[in-house]
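Input: a single structure, listed below in structure tokens.
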Number of protein chains: 2
Amino acid sequence: MNETKKAIVLISGGLDSATVLAIAKAAGYDCYGLSFYYGQRHQVELHAANQIAKNLHVKTHKVLHLDLNNIGGSALTDDHIAVPIEGVNNGIPVTYVPARNTVFLSLALGWAEVLQAHDIFIGVNAIDYSGYPDCRPEFIEAFEKMANLATKAGVEGQAFKIHTPLIDLTKAQIIQKGTTLGVDYSLTISCYQPNTQGHACGVCDACRLRAAGFEQAGMADPTIYMT
Amino acid sequence: MNETKKAIVLISGGLDSATVLAIAKAAGYDCYGLSFYYGQRHQVELHAANQIAKNLHVKTHKVLHLDLNNIGGSALTDDHIAVPIEGVNNGIPVTYVPARNTVFLSLALGWAEVLQAHDIFIGVNAIDYSGYPDCRPEFIEAFEKMANLATKAGVEGQAFKIHTPLIDLTKAQIIQKGTTLGVDYSLTISCYQPNTQGHACGVCDACRLRAAGFEQAGMADPTIYMT
């Protein structure tokens, strides 16, 4: 069999996952994009995810609805908790969404089983990141182990692999990598609180990490900021 | 602090999870019931879950919506795949929903973090069960390990525990246990394909395991079957 291998790629609409999609594609996978409408500022992020998926020619782009705002507990899913704008601090910030990557990867795992795919790509990063516990390599390793015990495919010996090609890269390295692969970063949006036109606030952690990344990479930042 | 401990209890509307809820309550936990509308025969199962939650006085009963039928791959989430009725076989049947318990436990984990609960109860069972990989003790153990790396609470040293009080019990023992705790099994529904009145088919694996359980326990079976 010389069939192209399938991969599920989680696409958030941000810079990291767009780069991951380009990497998976360059590695020869047929890519199946997965995004979530989980009560975030969806129109803008999901519009970006959709544009990125089209631009990089995924086979299918699926958007699953998820009730994370019914659970709350994060500035990204509860309107009563403000997004911090005073700069990146140590510790886990209020933008942490409880168990988000666990939930996203679990649903990716379910779809992977249905598609008979064994490769899942996620843009977690443990360098220029927001201190989320579910972005660390030890979490990914534990998830992979669990996934192979949880599933029919795992039991039958077709191990799942969670690919994290950005995990050891700085934001600048991610941007450089994506640029060589032709990622159009003007389609991506990183801001935690963009306006309805997709313009970025410039002061949340995600905006700060993104801006510093473009600067360190010596590249023009295509982000449009609110005026 | 003499505060009552909180527990999240997954409630499906079936016999097993109703028993688990009674066990968690008897152990002194304040119980928070979690159910999912994931494209299953929801009116009937979720109605049962709701009745059970009320009957056993949970603090809150949350029903999260989940797009599992957008993924498909199971007789329980895809109308094009028939529920087998020829009896329980070895191997993983087509009623297996890809990664279902992983997804359910992940969302329970998210809610647990928000509630500052560290105990999650699930009615998995590795004796009289349908051969699902995500009902085995090794899966639960791997999930627990992953959960403690995935979360803010886990990182801060407040370990999560996944309780599986039924894991080593036969269906008959589960029914006996629940009966001593006052579970009203007439509220529960196990059938994979009940009609809209909640009457059971009597021939799917879940019906067969349930009926055999009541028989072996020497108890009257309150199930109402289709005529």
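Letters for chains follow the order of the structure tokens (A, B, ...), residue numbers begin at 1 for each chain, and ligand numbers begin at 1 in the order shown.
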Pull out every residue of chain B sitting within 6 Å of chain A, counting only C-alpha atoms, and send them as a ChimeraX atom specification. /B:64,66-67,71,73,98-99,102-103,106,110-111,114,133-134,139,142-143,146,149-151
Selection above as a file: C-alpha atoms, as a PDB file, in the first residue's frame:
ATOM      1  CA  LEU B  64     -23.068  19.375  28.094  1.00  0.00           C
ATOM      2  CA  LEU B  66     -21.082  17.469  22.353  1.00  0.00           C
ATOM      3  CA  ASP B  67     -20.834  16.938  18.626  1.00  0.00           C
ATOM      4  CA  ILE B  71     -17.435  12.459  14.158  1.00  0.00           C
ATOM      5  CA  GLY B  73     -17.889   5.844  13.775  1.00  0.00           C
ATOM      6  CA  PRO B  98     -14.332   6.310  19.582  1.00  0.00           C
ATOM      7  CA  ALA B  99     -12.622   7.880  22.602  1.00  0.00           C
ATOM      8  CA  THR B 102     -11.635   9.946  27.275  1.00  0.00           C
ATOM      9  CA  VAL B 103     -13.769  12.843  26.073  1.00  0.00           C
ATOM     10  CA  SER B 106     -11.696  15.269  30.044  1.00  0.00           C
ATOM     11  CA  GLY B 110     -12.354  20.672  33.332  1.00  0.00           C
ATOM     12  CA  TRP B 111     -15.448  21.117  35.470  1.00  0.00           C
ATOM     13  CA  VAL B 114     -13.499  25.014  38.080  1.00  0.00           C
ATOM     14  CA  PRO B 133     -11.015  -0.477  25.753  1.00  0.00           C
ATOM     15  CA  ASP B 134     -11.836   2.693  27.704  1.00  0.00           C
ATOM     16  CA  PHE B 139      -6.928   3.113  30.874  1.00  0.00           C
ATOM     17  CA  ALA B 142      -3.253   6.302  32.562  1.00  0.00           C
ATOM     18  CA  PHE B 143      -6.001   8.939  32.444  1.00  0.00           C
ATOM     19  CA  MET B 146      -2.342  12.433  32.477  1.00  0.00           C
ATOM     20  CA  LEU B 149      -0.009  16.709  34.432  1.00  0.00           C
ATOM     21  CA  ALA B 150      -2.720  18.484  32.405  1.00  0.00           C
ATOM     22  CA  THR B 151      -4.162  20.761  35.039  1.00  0.00           C
TER      23      THR B 151
END
I'd like the contact shell of Leu10 (chain A) - 8 Å cut-off, only C-alpha atoms, skipping same-chain residues fewer than 4 positions apart - returned as a PyMOL selection string. chain A and resi 17+33-35+104+108+120-123
Near Pro84 (chain A), within 9 Å and counting only C-alpha atoms, which residues show up once chain neighbours fewer than 4 positions away are dropped, as number ranges by chain? A: 75, 88, 93-95, 203-205
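Note that DSSP on the backbone gives strand (DSSP E or B) to these residues of region 84-188 of chain B: B:Asp119, B:Ile120, B:Phe121, B:Lys161, B:Ile162, B:His163.
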Region 2-184 of chain A: which residues are helix (DSSP H, G or I) by DSSP, as a PyMOL selection string? chain A and resi 15-26+42-55+68-71+100-115+133-135+137-150+152-155+171-180
Using only C-alpha atoms, which protein or nucleic acid residues come within 9 Å of region 174-183 of chain B? Drop anything in the same chain fewer than 6 positions from it, and give the result as a VMD selection string. chain B and resid 15 to 16 18 to 20 22 to 23 26 52 55 to 56 166 213 to 214 217 219
Kindly give the distance, in Å, that separates CA of Asp221 (chain A) and CA of Thr164 (chain A), rounded to a single decimal.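 So the answer is 24.2 Å.
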